[in-house]
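Asker: Hey, dropping work.csv in here, CSV, C-alpha atoms and all ligand atoms:
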```
chain,number,residue,atom,x,y,z
A,1,MET,CA,124.0,136.5,114.8
A,2,LYS,CA,123.4,133.0,113.3
A,3,LYS,CA,121.6,133.0,110.0
A,4,ILE,CA,118.7,130.5,110.3
A,5,TYR,CA,116.4,129.5,107.5
A,6,ILE,CA,113.0,128.4,108.8
A,7,SER,CA,111.2,126.7,106.0
A,8,GLY,CA,107.4,126.5,106.0
A,9,HIS,CA,107.2,129.8,108.0
A,10,ARG,CA,103.6,130.4,107.0
A,11,GLY,CA,102.5,127.1,108.5
A,12,MET,CA,101.5,126.3,112.1
A,13,VAL,CA,104.9,125.0,113.2
A,14,GLY,CA,107.1,127.3,111.1
A,15,SER,CA,105.3,130.3,112.4
A,16,ALA,CA,105.9,129.1,116.0
A,17,LEU,CA,109.6,128.6,115.2
A,18,VAL,CA,109.9,132.1,113.8
A,19,ARG,CA,108.2,133.5,117.0
A,20,GLU,CA,110.6,131.5,119.2
A,21,ALA,CA,113.7,132.5,117.3
A,22,GLY,CA,112.6,136.1,117.7
A,23,LEU,CA,112.1,135.7,121.5
A,24,ARG,CA,115.4,134.0,121.9
A,25,GLY,CA,117.4,136.6,119.9
A,26,GLY,CA,120.7,136.1,118.3
A,27,PHE,CA,119.3,134.9,115.0
A,28,ASP,CA,119.1,136.5,111.5
A,29,ILE,CA,115.9,134.8,110.5
A,30,LEU,CA,115.5,133.9,106.8
A,31,THR,CA,112.0,132.9,105.5
A,32,ALA,CA,110.7,132.4,102.0
A,33,GLY,CA,107.3,131.6,100.7
A,34,ARG,CA,106.5,129.3,97.7
A,35,ASP,CA,106.6,132.4,95.5
A,36,ARG,CA,110.3,132.7,96.2
A,37,VAL,CA,111.2,129.0,96.3
A,38,ASP,CA,109.2,125.8,95.6
A,39,LEU,CA,111.0,123.3,97.8
A,40,CYS,CA,109.8,120.4,95.5
A,41,ASP,CA,111.9,122.1,92.7
A,42,GLN,CA,115.5,120.8,93.2
A,43,THR,CA,117.2,123.5,91.0
A,44,ALA,CA,115.3,126.3,92.7
A,45,THR,CA,116.0,124.9,96.2
A,46,PHE,CA,119.8,124.4,95.5
A,47,SER,CA,120.1,128.0,94.1
A,48,PHE,CA,118.2,129.5,97.0
A,49,LEU,CA,120.4,127.9,99.6
A,50,GLU,CA,123.6,128.8,97.6
A,51,GLU,CA,122.5,132.4,97.3
A,52,GLU,CA,121.3,132.9,100.9
A,53,GLN,CA,124.1,130.9,102.7
A,54,PRO,CA,122.2,130.1,105.9
A,55,GLU,CA,124.2,128.6,108.8
A,56,ILE,CA,121.2,126.6,110.1
A,57,VAL,CA,118.3,125.1,108.2
A,58,VAL,CA,115.1,123.9,109.9
A,59,ILE,CA,112.9,121.7,107.7
A,60,ALA,CA,109.3,122.6,108.9
A,61,ALA,CA,108.0,122.8,105.3
A,62,ALA,CA,105.9,119.7,104.4
A,63,LYS,CA,102.7,118.5,102.9
A,64,VAL,CA,100.7,118.0,106.1
A,65,GLY,CA,97.2,116.8,106.9
A,66,GLY,CA,95.0,114.6,109.1
A,67,ILE,CA,93.9,111.0,108.6
A,68,HIS,CA,91.5,111.7,105.7
A,69,ALA,CA,94.0,113.8,103.7
A,70,ASN,CA,96.8,111.3,104.3
A,71,SER,CA,94.7,108.4,103.1
A,72,THR,CA,93.1,110.2,100.2
A,73,TYR,CA,96.2,111.8,98.7
A,74,PRO,CA,99.0,109.3,99.4
A,75,ALA,CA,100.9,110.1,96.2
A,76,ASP,CA,101.1,113.8,97.0
A,77,PHE,CA,102.2,113.0,100.6
A,78,ILE,CA,105.0,110.7,99.6
A,79,TYR,CA,106.2,112.6,96.6
A,80,GLU,CA,106.2,116.2,98.0
A,81,ASN,CA,107.6,115.2,101.4
A,82,LEU,CA,110.4,113.1,99.8
A,83,ALA,CA,111.3,116.0,97.5
A,84,ILE,CA,111.3,118.6,100.2
A,85,ALA,CA,113.5,116.5,102.5
A,86,SER,CA,116.0,115.5,99.8
A,87,ASN,CA,116.2,118.9,98.2
A,88,LEU,CA,116.8,120.7,101.5
A,89,VAL,CA,119.2,118.2,102.9
A,90,GLU,CA,121.4,117.8,99.7
A,91,GLY,CA,121.0,121.6,99.0
A,92,SER,CA,122.2,122.3,102.5
A,93,ARG,CA,125.3,120.1,102.1
A,94,ARG,CA,126.1,121.8,98.8
A,95,ALA,CA,125.7,125.2,100.2
A,96,GLY,CA,127.9,124.4,103.3
A,97,VAL,CA,125.1,124.6,105.8
A,98,GLU,CA,126.6,123.6,109.2
A,99,ARG,CA,123.4,122.4,110.8
A,100,VAL,CA,120.0,121.0,109.7
A,101,LEU,CA,117.0,120.1,111.9
A,102,PHE,CA,114.5,118.0,110.2
A,103,LEU,CA,110.9,117.6,111.5
A,104,GLY,CA,109.2,114.3,111.2
A,105,SER,CA,106.3,112.8,113.0
A,106,SER,CA,105.3,110.1,115.5
A,107,CYS,CA,103.6,108.2,112.6
A,108,ILE,CA,107.1,107.0,111.6
A,109,TYR,CA,106.8,104.3,114.3
A,110,PRO,CA,105.0,100.9,113.7
A,111,LYS,CA,101.2,100.8,114.0
A,112,LEU,CA,101.5,98.3,116.9
A,113,ALA,CA,104.7,99.8,118.5
A,114,PRO,CA,105.3,99.2,122.2
A,115,GLN,CA,103.8,102.0,124.3
A,116,PRO,CA,105.2,104.5,125.1
A,117,MET,CA,107.2,104.3,121.8
A,118,PRO,CA,111.0,104.6,122.2
A,119,GLU,CA,113.1,105.9,119.4
A,120,ASP,CA,114.6,102.5,118.7
A,121,CYS,CA,111.3,100.9,117.8
A,122,LEU,CA,111.7,102.5,114.3
A,123,LEU,CA,111.4,100.0,111.5
A,124,THR,CA,110.7,97.0,113.7
A,125,SER,CA,107.2,96.1,112.3
A,126,PRO,CA,104.6,97.4,109.7
A,127,LEU,CA,103.3,101.0,109.6
A,128,GLU,CA,99.7,102.2,109.9
A,129,VAL,CA,98.1,102.1,106.5
A,130,THR,CA,96.3,105.4,106.6
A,131,ASN,CA,99.5,107.4,106.8
A,132,GLU,CA,102.1,105.0,105.3
A,133,ALA,CA,103.0,107.2,102.4
A,134,TYR,CA,103.7,110.2,104.7
A,135,ALA,CA,105.5,108.0,107.2
A,136,ILE,CA,107.9,106.5,104.6
A,137,ALA,CA,108.8,110.1,103.4
A,138,LYS,CA,109.4,111.2,107.0
A,139,ILE,CA,111.5,108.1,107.7
A,140,ALA,CA,113.5,108.9,104.6
A,141,GLY,CA,114.1,112.4,105.8
A,142,LEU,CA,115.4,111.2,109.2
A,143,LYS,CA,117.6,108.6,107.5
A,144,LEU,CA,119.0,111.3,105.1
A,145,CYS,CA,120.1,113.4,108.1
A,146,GLN,CA,121.5,110.3,109.9
A,147,HIS,CA,123.5,109.2,106.9
A,148,TYR,CA,124.7,112.7,105.9
A,149,ARG,CA,126.0,113.1,109.5
A,150,ALA,CA,127.7,109.7,109.3
A,151,GLN,CA,129.3,110.1,105.9
A,152,HIS,CA,129.9,113.8,105.7
A,153,GLY,CA,130.4,114.7,109.3
A,154,LEU,CA,127.6,117.3,109.2
A,155,LEU,CA,125.4,118.1,112.2
A,156,TYR,CA,122.1,117.1,110.5
A,157,HIS,CA,119.6,115.7,112.9
A,158,SER,CA,115.9,115.2,113.5
A,159,ALA,CA,113.0,115.8,115.9
A,160,MET,CA,109.9,113.6,115.8
A,161,PRO,CA,106.9,115.5,117.3
A,162,THR,CA,103.7,113.9,118.5
A,163,ASN,CA,100.4,115.3,117.2
A,164,LEU,CA,100.5,119.1,117.4
A,165,TYR,CA,98.1,121.9,117.8
A,166,GLY,CA,98.4,125.7,118.2
A,167,PRO,CA,97.7,129.1,116.5
A,168,GLY,CA,97.6,129.1,112.7
A,169,ASP,CA,96.3,125.5,112.5
A,170,ASN,CA,94.5,124.2,109.4
A,171,TYR,CA,90.7,124.3,110.2
A,172,HIS,CA,89.6,122.6,107.0
A,173,PRO,CA,86.6,120.4,107.7
A,174,GLU,CA,88.0,117.3,106.1
A,175,ASN,CA,91.8,117.7,105.6
A,176,SER,CA,92.7,119.0,109.1
A,177,HIS,CA,93.9,117.1,112.2
A,178,VAL,CA,91.5,116.1,114.9
A,179,ILE,CA,91.8,119.2,117.2
A,180,PRO,CA,91.2,121.9,114.7
A,181,ALA,CA,88.5,119.7,113.0
A,182,LEU,CA,86.6,119.3,116.3
A,183,ILE,CA,87.0,123.0,117.4
A,184,ARG,CA,85.3,123.9,114.1
A,185,ARG,CA,82.6,121.2,114.4
A,186,PHE,CA,81.7,121.9,118.0
A,187,HIS,CA,81.7,125.7,117.4
A,188,GLU,CA,79.4,125.4,114.4
A,189,ALA,CA,77.1,123.0,116.4
A,190,LYS,CA,77.0,125.5,119.3
A,191,GLU,CA,76.1,128.4,116.9
A,192,SER,CA,73.4,126.4,115.1
A,193,GLY,CA,72.0,124.8,118.2
A,194,ALA,CA,72.6,121.3,117.0
A,195,GLU,CA,71.6,118.5,119.4
A,196,SER,CA,74.6,116.3,118.7
A,197,VAL,CA,78.1,116.3,117.2
A,198,THR,CA,79.5,113.2,115.4
A,199,ILE,CA,83.2,112.5,115.7
A,200,TRP,CA,85.0,110.1,113.3
A,201,GLY,CA,85.9,106.5,114.2
A,202,THR,CA,85.1,104.7,117.4
A,203,GLY,CA,86.4,107.4,119.8
A,204,THR,CA,88.7,104.8,121.4
A,205,PRO,CA,92.1,105.6,119.7
A,206,ARG,CA,94.5,107.3,122.1
A,207,ARG,CA,96.5,110.4,121.0
A,208,GLU,CA,99.1,112.7,122.7
A,209,PHE,CA,99.0,116.4,121.9
A,210,LEU,CA,101.8,119.0,122.2
A,211,HIS,CA,101.4,122.8,121.8
A,212,THR,CA,103.5,124.3,119.0
A,213,LYS,CA,105.2,126.8,121.4
A,214,ASP,CA,106.5,123.8,123.4
A,215,LEU,CA,107.7,122.1,120.2
A,216,ALA,CA,109.4,125.3,119.1
A,217,GLU,CA,111.2,125.5,122.5
A,218,ALA,CA,112.3,121.9,122.1
A,219,CYS,CA,113.6,122.5,118.6
A,220,PHE,CA,115.8,125.5,119.8
A,221,HIS,CA,116.9,123.4,122.8
A,222,LEU,CA,118.0,120.6,120.4
A,223,LEU,CA,119.8,123.2,118.2
A,224,GLU,CA,121.8,124.2,121.3
A,225,LEU,CA,123.1,120.7,122.0
A,226,ASP,CA,126.7,120.0,120.8
A,227,ASN,CA,126.0,116.3,120.2
A,228,PRO,CA,122.2,115.8,119.7
A,229,PRO,CA,120.8,112.3,119.1
A,230,ASP,CA,120.2,111.5,115.4
A,231,TRP,CA,116.5,111.7,116.1
A,232,VAL,CA,114.5,112.4,119.3
A,233,ASN,CA,110.8,112.1,120.2
A,234,VAL,CA,109.1,115.3,121.3
A,235,GLY,CA,105.9,115.0,123.2
A,236,VAL,CA,104.2,115.4,126.6
A,237,GLY,CA,104.3,111.7,127.7
A,238,GLU,CA,100.5,111.5,128.3
A,239,ASP,CA,97.6,110.8,126.0
A,240,VAL,CA,93.8,110.8,126.0
A,241,THR,CA,91.1,108.9,124.0
A,242,ILE,CA,89.6,110.7,121.1
A,243,LEU,CA,86.2,110.7,122.9
A,244,GLU,CA,87.9,112.3,125.9
A,245,LEU,CA,89.4,114.8,123.6
A,246,ALA,CA,86.0,115.6,122.1
A,247,GLN,CA,84.7,116.2,125.6
A,248,TRP,CA,87.6,118.6,126.3
A,249,VAL,CA,86.9,120.5,123.1
A,250,ALA,CA,83.1,120.6,123.8
A,251,ARG,CA,83.9,122.1,127.3
A,252,THR,CA,86.3,124.6,125.8
A,253,VAL,CA,83.8,125.7,123.1
A,254,GLY,CA,80.9,125.7,125.5
A,255,TYR,CA,78.9,123.1,123.6
A,256,GLN,CA,76.5,121.0,125.8
A,257,GLY,CA,74.8,118.6,123.3
A,258,GLU,CA,75.4,114.9,122.8
A,259,ILE,CA,78.7,113.4,121.3
A,260,LEU,CA,78.2,110.5,118.8
A,261,THR,CA,80.8,108.4,117.1
A,262,ASP,CA,80.9,107.2,113.5
A,263,PRO,CA,82.7,103.8,113.3
A,264,SER,CA,82.5,103.8,109.5
A,265,LYS,CA,85.3,106.4,109.5
A,266,PRO,CA,88.9,105.1,110.1
A,267,ASP,CA,90.5,105.1,113.6
A,268,GLY,CA,94.1,105.0,112.4
A,269,THR,CA,96.7,103.9,114.8
A,270,PRO,CA,95.2,102.6,118.1
A,271,ARG,CA,97.7,104.4,120.2
A,272,LYS,CA,100.9,106.5,119.7
A,273,LEU,CA,102.2,107.7,123.0
A,274,MET,CA,105.8,108.9,122.7
A,275,ASP,CA,108.6,107.8,125.1
A,276,VAL,CA,110.0,111.3,125.8
A,277,SER,CA,112.7,110.2,128.3
A,278,ARG,CA,115.6,110.8,125.9
A,279,LEU,CA,114.6,114.5,125.3
A,280,LYS,CA,113.7,115.1,128.9
A,281,GLY,CA,117.1,113.7,129.9
A,282,THR,CA,118.7,116.6,128.1
A,283,GLY,CA,116.8,119.1,130.2
A,284,TRP,CA,113.6,120.0,128.2
A,285,GLU,CA,110.1,119.9,129.6
A,286,PRO,CA,106.8,121.0,128.0
A,287,LYS,CA,105.1,123.9,129.8
A,288,ILE,CA,101.7,124.5,128.3
A,289,GLY,CA,98.8,122.6,130.0
A,290,PHE,CA,96.1,121.1,127.7
A,291,GLU,CA,93.2,123.3,129.1
A,292,GLU,CA,95.2,126.5,128.5
A,293,GLY,CA,96.4,125.4,125.1
A,294,LEU,CA,92.9,124.4,123.9
A,295,ALA,CA,91.4,127.7,125.1
A,296,GLU,CA,94.1,129.5,123.1
A,297,ALA,CA,93.5,127.3,120.0
A,298,TYR,CA,89.8,128.2,120.2
A,299,ARG,CA,90.6,131.9,120.4
A,300,ASP,CA,92.7,131.4,117.3
A,301,PHE,CA,89.9,129.8,115.5
A,302,GLN,CA,87.5,132.6,116.5
A,303,ALA,CA,90.1,135.2,115.3
A,304,SER,CA,90.3,133.4,112.0
A,305,LEU,CA,86.5,133.7,111.6
A,306,ALA,CA,86.8,137.3,112.4
A,307,GLY,CA,89.2,137.8,109.5
A,308,GLY,CA,92.6,136.8,111.0
A,309,ASN,CA,95.1,134.8,109.1
A,310,ALA,CA,94.3,131.3,110.2
A,311,ARG,CA,93.2,128.8,107.5
A,312,LEU,CA,89.5,128.0,107.2
A,401,LIG,N1,100.6,119.4,112.5
A,401,LIG,C1,100.9,118.3,113.2
A,401,LIG,O1,100.1,117.8,114.0
A,401,LIG,C2,102.3,117.7,113.1
A,401,LIG,C3,103.2,118.3,112.3
A,401,LIG,N2,104.5,117.7,112.2
A,401,LIG,C4,105.5,118.2,111.3
A,401,LIG,O2,105.7,119.6,111.5
A,401,LIG,C5,106.0,120.2,110.2
A,401,LIG,C6,105.1,121.4,109.9
A,401,LIG,O3,103.8,121.0,110.0
A,401,LIG,P1,102.6,122.1,110.1
A,401,LIG,O4,103.2,123.4,110.5
A,401,LIG,O5,101.5,121.5,110.9
A,401,LIG,O6,102.1,122.1,108.6
A,401,LIG,P2,101.5,123.4,107.8
A,401,LIG,O7,100.7,122.8,106.7
A,401,LIG,O8,100.8,124.3,108.8
A,401,LIG,O9,102.7,124.1,107.2
A,401,LIG,C7,103.5,123.6,106.2
A,401,LIG,C8,104.3,124.7,105.5
A,401,LIG,O10,105.1,124.1,104.5
A,401,LIG,C9,105.0,124.9,103.4
A,401,LIG,N3,105.3,124.1,102.2
A,401,LIG,C10,104.7,122.9,101.8
A,401,LIG,N4,105.1,122.5,100.6
A,401,LIG,C11,106.0,123.5,100.2
A,401,LIG,C12,106.8,123.6,99.0
A,401,LIG,N5,106.8,122.7,98.0
A,401,LIG,N6,107.6,124.7,98.9
A,401,LIG,C13,107.6,125.7,99.9
A,401,LIG,N7,106.9,125.6,101.0
A,401,LIG,C14,106.1,124.5,101.2
A,401,LIG,C15,103.6,125.4,103.3
A,401,LIG,O11,103.5,126.5,102.5
A,401,LIG,P3,102.2,127.2,102.1
A,401,LIG,O12,101.8,128.1,103.2
A,401,LIG,O13,102.5,127.9,100.8
A,401,LIG,O14,101.2,126.1,101.9
A,401,LIG,C16,103.4,125.7,104.8
A,401,LIG,O15,103.8,127.0,105.2
A,401,LIG,C17,105.9,119.1,109.2
A,401,LIG,O16,107.2,118.6,108.9
A,401,LIG,C18,105.1,118.1,109.9
A,401,LIG,O17,105.4,116.8,109.4
A,401,LIG,C19,104.8,116.6,113.0
A,401,LIG,C20,103.9,116.1,113.8
A,401,LIG,C21,102.6,116.6,113.9
A,402,LIG,C1,100.0,114.1,113.2
A,402,LIG,C2,99.5,112.8,112.5
A,402,LIG,O1,98.3,113.0,111.9
A,402,LIG,C3,97.7,111.9,111.2
A,402,LIG,O2,97.4,110.9,112.1
A,402,LIG,P1,96.3,110.8,113.2
A,402,LIG,O3,96.9,110.8,114.5
A,402,LIG,O4,95.5,109.6,112.9
A,402,LIG,O5,95.6,112.2,113.0
A,402,LIG,P2,94.2,112.9,113.0
A,402,LIG,O6,94.4,114.1,113.9
A,402,LIG,O7,93.6,113.1,111.7
A,402,LIG,O8,93.2,111.8,113.7
A,402,LIG,C4,93.3,111.4,115.1
A,402,LIG,C5,92.2,110.6,115.5
A,402,LIG,O9,91.0,111.4,115.6
A,402,LIG,C6,89.9,110.8,115.0
A,402,LIG,N1,89.0,111.9,114.6
A,402,LIG,C7,87.7,112.0,115.1
A,402,LIG,N2,87.1,113.0,114.5
A,402,LIG,C8,88.0,113.6,113.6
A,402,LIG,C9,87.8,114.6,112.7
A,402,LIG,O10,86.8,115.3,112.6
A,402,LIG,N3,88.9,114.9,112.0
A,402,LIG,C10,90.1,114.2,112.1
A,402,LIG,N4,91.2,114.5,111.3
A,402,LIG,N5,90.2,113.1,112.9
A,402,LIG,C11,89.2,112.8,113.7
A,402,LIG,C12,90.5,110.1,113.8
A,402,LIG,O11,89.6,109.1,113.3
A,402,LIG,C13,91.8,109.5,114.5
A,402,LIG,O12,91.4,108.3,115.2
A,402,LIG,C14,98.6,111.3,110.3
A,402,LIG,O13,97.9,111.2,109.1
A,402,LIG,C15,99.9,111.7,110.3
A,402,LIG,O14,100.1,112.6,109.2
A,402,LIG,C16,100.5,112.4,111.5
A,402,LIG,O15,101.7,112.5,111.6
```
Hey, can you dump this file as structure tokens for me?
Ligand SMILES: NC(=O)C1=CN([C@@H]2O[C@H](COP(=O)(O)OP(=O)(O)OC[C@H]3O[C@@H](n4cnc5c(N)ncnc54)[C@H](OP(=O)(O)O)[C@@H]3O)[C@@H](O)[C@H]2O)C=CC1
Ligand SMILES: C[C@H]1O[C@H](OP(=O)(O)OP(=O)(O)OC[C@H]2O[C@@H](n3cnc4c(=O)[nH]c(N)nc43)[C@H](O)[C@@H]2O)[C@@H](O)[C@@H](O)C1=O
Answerer:
Amino acid sequence: MKKIYISGHRGMVGSALVREAGLRGGFDILTAGRDRVDLCDQTATFSFLEEEQPEIVVIAAAKVGGIHANSTYPADFIYENLAIASNLVEGSRRAGVERVLFLGSSCIYPKLAPQPMPEDCLLTSPLEVTNEAYAIAKIAGLKLCQHYRAQHGLLYHSAMPTNLYGPGDNYHPENSHVIPALIRRFHEAKESGAESVTIWGTGTPRREFLHTKDLAEACFHLLELDNPPDWVNVGVGEDVTILELAQWVARTVGYQGEILTDPSKPDGTPRKLMDVSRLKGTGWEPKIGFEEGLAEAYRDFQASLAGGNARL
């Protein structure tokens, strides 16, 4: 049994990682809420890792949000994410942790990166302003792992997922990502009989969406590789416009009214399609189709309304 600490286990990604570890077997799964350890607190994080002695640490704890949250609270996003990454990476080294997997995000790549975006376009031109603070912290996390691996010979490496969705998402009307936000807005419009739903921005940006179960499988696949890349993109390799996404969500929810756009709201990056050839070359493929994944996400939202554990 390998002792694996999955940080952020109450979150959308951390909970998918815990489920996947359970399905795979062979892991002694360690989790800890903020009540046990605040990962922004260096002393508490170092002591926790020293006491628990995990063999593997997965960094899925983070301050996370959509375009509005990122641009409204940039100080929180850069500070908390830098602190979590540096405390967990240095704390892991001190506690003798053999392997760390750090989760970043596709927003680490330049705003106008070549499409699809290969791993080596990192730091080649400026970032998108709406999530610069978060992206800088995620680049720092990736670089911590890369340099600890180089200097200390530790197997610390990273995965850069595209935009994610799945059970346990954050359905906050303003601070969430686009999929949970639209599920909620279209559902409420259907319930109230509203004639139209307005989506933020022009509807023209393109985004790629990966289900968290596929991401969790990719993470455990990476943890099985003897010599994983320092960082690797995780995505499906296909994208849609935000207007097309809104039409998918409307169909899933059963909303038949009009869809309007609001160009006074930010679009963010025009496109961020991942080049996933490196990961696919190691034998991983996503499995969950978008229609199936969205239908499941809508069921998760409905369960949360009925008193489940999703965040509203
Ligand atoms: N969601 C997405 O679309 C994407 C996510 N990612 C990455 O995946 C990872 C997880 O994201 P996701 O699951 O969506 O985010 P969530 O917000 O759902 O989960 C984050 C988790 O981190 C925990 N956490 C945050 N700060 C602290 C802290 N100081 N101490 C202890 N725990 C803390 C939260 O705890 P609590 O429950 O107490 O708040 C929560 O459980 C992040 O690294 C993110 O960058 C990457 C690409 C896209
Ligand atoms: C995962 C990723 O998430 C963030 O980047 P983002 O891709 O811009 O994320 P988003 O999901 O919030 O928006 C995607 C697109 O959708 C449009 N959009 C329409 N209507 C709504 C809406 O109602 N809510 C939201 N949130 N967006 C909407 C929105 O205007 C944008 O064009 C980063 O901050 C960064 O942290 C990061 O890593």
Asker: Residues within 10 Å of Trp284 of chain A, please, as a list in words. Count all atoms listed in the file; anything in the same chain fewer than 2 positions from it doesn't count.
Answerer: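 So, after excluding close chain neighbours, the residues are Asp214, Glu217, Ala218, Cys219, His221, Leu222, Val234, Val276, Ser277, Arg278, Leu279, Lys280, Gly281, Thr282, Pro286 and Lys287 of chain A.
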Asker: Please, could you write that set of residues out with C-alpha atoms as an mmCIF file, in the coordinates of the input?
Answerer:
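Saved result, part18.cif, follows:
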```cif
data_model
loop_
_atom_site.group_PDB
_atom_site.id
_atom_site.type_symbol
_atom_site.label_atom_id
_atom_site.label_comp_id
_atom_site.auth_asym_id
_atom_site.auth_seq_id
_atom_site.Cartn_x
_atom_site.Cartn_y
_atom_site.Cartn_z
ATOM 1 C CA ASP A 214 106.500 123.800 123.400
ATOM 2 C CA GLU A 217 111.200 125.500 122.500
ATOM 3 C CA ALA A 218 112.300 121.900 122.100
ATOM 4 C CA CYS A 219 113.600 122.500 118.600
ATOM 5 C CA HIS A 221 116.900 123.400 122.800
ATOM 6 C CA LEU A 222 118.000 120.600 120.400
ATOM 7 C CA VAL A 234 109.100 115.300 121.300
ATOM 8 C CA VAL A 276 110.000 111.300 125.800
ATOM 9 C CA SER A 277 112.700 110.200 128.300
ATOM 10 C CA ARG A 278 115.600 110.800 125.900
ATOM 11 C CA LEU A 279 114.600 114.500 125.300
ATOM 12 C CA LYS A 280 113.700 115.100 128.900
ATOM 13 C CA GLY A 281 117.100 113.700 129.900
ATOM 14 C CA THR A 282 118.700 116.600 128.100
ATOM 15 C CA PRO A 286 106.800 121.000 128.000
ATOM 16 C CA LYS A 287 105.100 123.900 129.800
#
```
Asker: Excluding same-chain residues fewer than 2 positions from segment 70-82 of chain A, what lies within 9 Å of it counting all atoms listed in the file, as a list in words?
Answerer: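 Returned residues: Leu39, Cys40, Ala61, Ala62, Lys63, Val64, Gly65, Gly66, Ile67, His68, Ile84, Ala85, Ser86, Asn87, Val129, Thr130, Asn131, Glu132, Ala133, Tyr134, Ala135, Ile136, Ala137, Lys138, Ala140, Gly141 and Asn175 of chain A.
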Asker: Show me which residues line ligand LIG 402 (chain A), defined as having an atom within 8 Å of a ligand atom where all atoms listed in the file count, and present them as a ChimeraX atom specification.
Answerer: /A:64-71,104-108,130-131,134-135,162-164,173-182,185,198-207,242,265-270,272
Asker: Please measure the separation of atom C12 of ligand LIG 401 (chain A) and atom CA of Asp38 of chain A, giving the value in Å to one decimal.
Answerer: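 Interatomic distance here is 4.7 Å.
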Asker: Name the closest residue to ligand LIG 401 (chain A) among the candidates A:Thr212, A:Gln53, A:Ser192, A:Asn227; distances are taken between atoms, counting all atoms listed in the file.
Answerer: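 The closest residue to ligand LIG 401 (chain A) is A:Thr212.
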Asker: So, counting only C-alpha atoms and all ligand atoms, which residue among A:Ser264, A:Asn233, A:Gln247, A:Ser196 is closest to ligand LIG 401 (chain A)?
Answerer: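 Residue with the minimum atom-to-atom distance to ligand LIG 401 (chain A): A:Asn233.
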Asker: Go through A:Gly254, A:Gly307, A:Pro167, A:Gly293 and flag the residue nearest ligand LIG 401 (chain A), using all atoms listed in the file for the distances.
Answerer: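 Checking each of A:Gly254, A:Gly307, A:Pro167, A:Gly293 against ligand LIG 401 (chain A), counting all atoms listed in the file, the winner is A:Pro167.
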Asker: Would you mind reading off the distance between atom N1 of ligand LIG 401 (chain A) and atom CA of Gly26 of chain A, one decimal, in Å?
Answerer: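 So the two atoms, atom N1 of ligand LIG 401 (chain A) and atom CA of Gly26 of chain A, lie 26.8 Å apart.
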Asker: Can you pull out every residue within 12 Å of Glu51 of chain A, counting all atoms listed in the file, but drop anything in the same chain fewer than 3 positions away, and send it as a PyMOL selection string?
Answerer: chain A and resi 30+37+44-48+54+91-92+94-97
Asker: Which residue gives the smallest distance to ligand LIG 401 (chain A) among A:Arg149, A:Arg36, A:Arg271, A:Lys2, with all atoms listed in the file counted?
Answerer: A:Arg36
Asker: Can you measure atom N3 of ligand LIG 401 (chain A) to atom CA of Glu224 of chain A for me? One decimal in Å is fine.
Answerer: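 Going from atom N3 of ligand LIG 401 (chain A) over to atom CA of Glu224 of chain A covers 25.2 Å.
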Asker: For each of A:Val57, A:Cys145, A:Leu210, A:Leu112, take the minimum atom-to-atom distance to Val13 of chain A, counting all atoms listed in the file, then give the residue where this is smallest.
Answerer: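 The closest residue to Val13 of chain A is A:Leu210.
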Asker: Select all residues near (107.2, 127.5, 118.1) (cut-off 6 Å, inclusive, file coordinates), counting all atoms listed in the file, and output them as a PyMOL selection string.
Answerer: chain A and resi 13+16-17+20+212-213+215-216
Asker: Identify the residues within 6 Å of coordinate (103.7, 96.0, 112.8) (same frame as the file), considering only C-alpha atoms, and give the answer as a PyMOL selection string.
Answerer: chain A and resi 110-112+125-127
Asker: Between A:Asp41, A:Glu188, A:Glu258, A:Glu55, which has the minimum distance to Phe27 of chain A (counting all atoms listed in the file)?
Answerer: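 That would be A:Glu55, the residue with the smallest distance to Phe27 of chain A.
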Asker: Using all atoms listed in the file, determine which residues lie at most 7 Å from Phe102 of chain A, disregarding the query and same-chain residues fewer than 3 positions distant; provide the list as a PDB file with C-alpha atoms, in the coordinates of the input.
Answerer:
```pdb
ATOM      1  CA  VAL A  58     115.100 123.900 109.900  1.00  0.00           C
ATOM      2  CA  ILE A  59     112.900 121.700 107.700  1.00  0.00           C
ATOM      3  CA  LEU A 142     115.400 111.200 109.200  1.00  0.00           C
ATOM      4  CA  HIS A 157     119.600 115.700 112.900  1.00  0.00           C
ATOM      5  CA  SER A 158     115.900 115.200 113.500  1.00  0.00           C
ATOM      6  CA  ALA A 159     113.000 115.800 115.900  1.00  0.00           C
TER       7      ALA A 159
END
```
Asker: Output segment 109-114 of chain A from the block with N, CA and C atoms, as an mmCIF file, in the first residue's frame?
Answerer:
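What landed in part_5.cif:
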```cif
data_model
loop_
_atom_site.group_PDB
_atom_site.id
_atom_site.type_symbol
_atom_site.label_atom_id
_atom_site.label_comp_id
_atom_site.auth_asym_id
_atom_site.auth_seq_id
_atom_site.Cartn_x
_atom_site.Cartn_y
_atom_site.Cartn_z
ATOM 1 N N TYR A 109 -0.296 29.316 -20.038
ATOM 2 C CA TYR A 109 0.278 29.607 -21.362
ATOM 3 C C TYR A 109 -0.099 31.022 -21.810
ATOM 4 N N PRO A 110 0.687 31.608 -22.745
ATOM 5 C CA PRO A 110 0.417 32.986 -23.168
ATOM 6 C C PRO A 110 -0.984 33.169 -23.745
ATOM 7 N N LYS A 111 -1.489 34.399 -23.589
ATOM 8 C CA LYS A 111 -2.827 34.737 -24.096
ATOM 9 C C LYS A 111 -2.940 34.409 -25.590
ATOM 10 N N LEU A 112 -1.895 34.732 -26.348
ATOM 11 C CA LEU A 112 -1.963 34.495 -27.792
ATOM 12 C C LEU A 112 -1.034 33.353 -28.199
ATOM 13 N N ALA A 113 -1.055 32.278 -27.429
ATOM 14 C CA ALA A 113 -0.210 31.109 -27.710
ATOM 15 C C ALA A 113 -0.644 30.465 -29.028
ATOM 16 N N PRO A 114 0.289 29.762 -29.712
ATOM 17 C CA PRO A 114 -0.114 28.989 -30.887
ATOM 18 C C PRO A 114 -1.150 27.944 -30.480
#
```
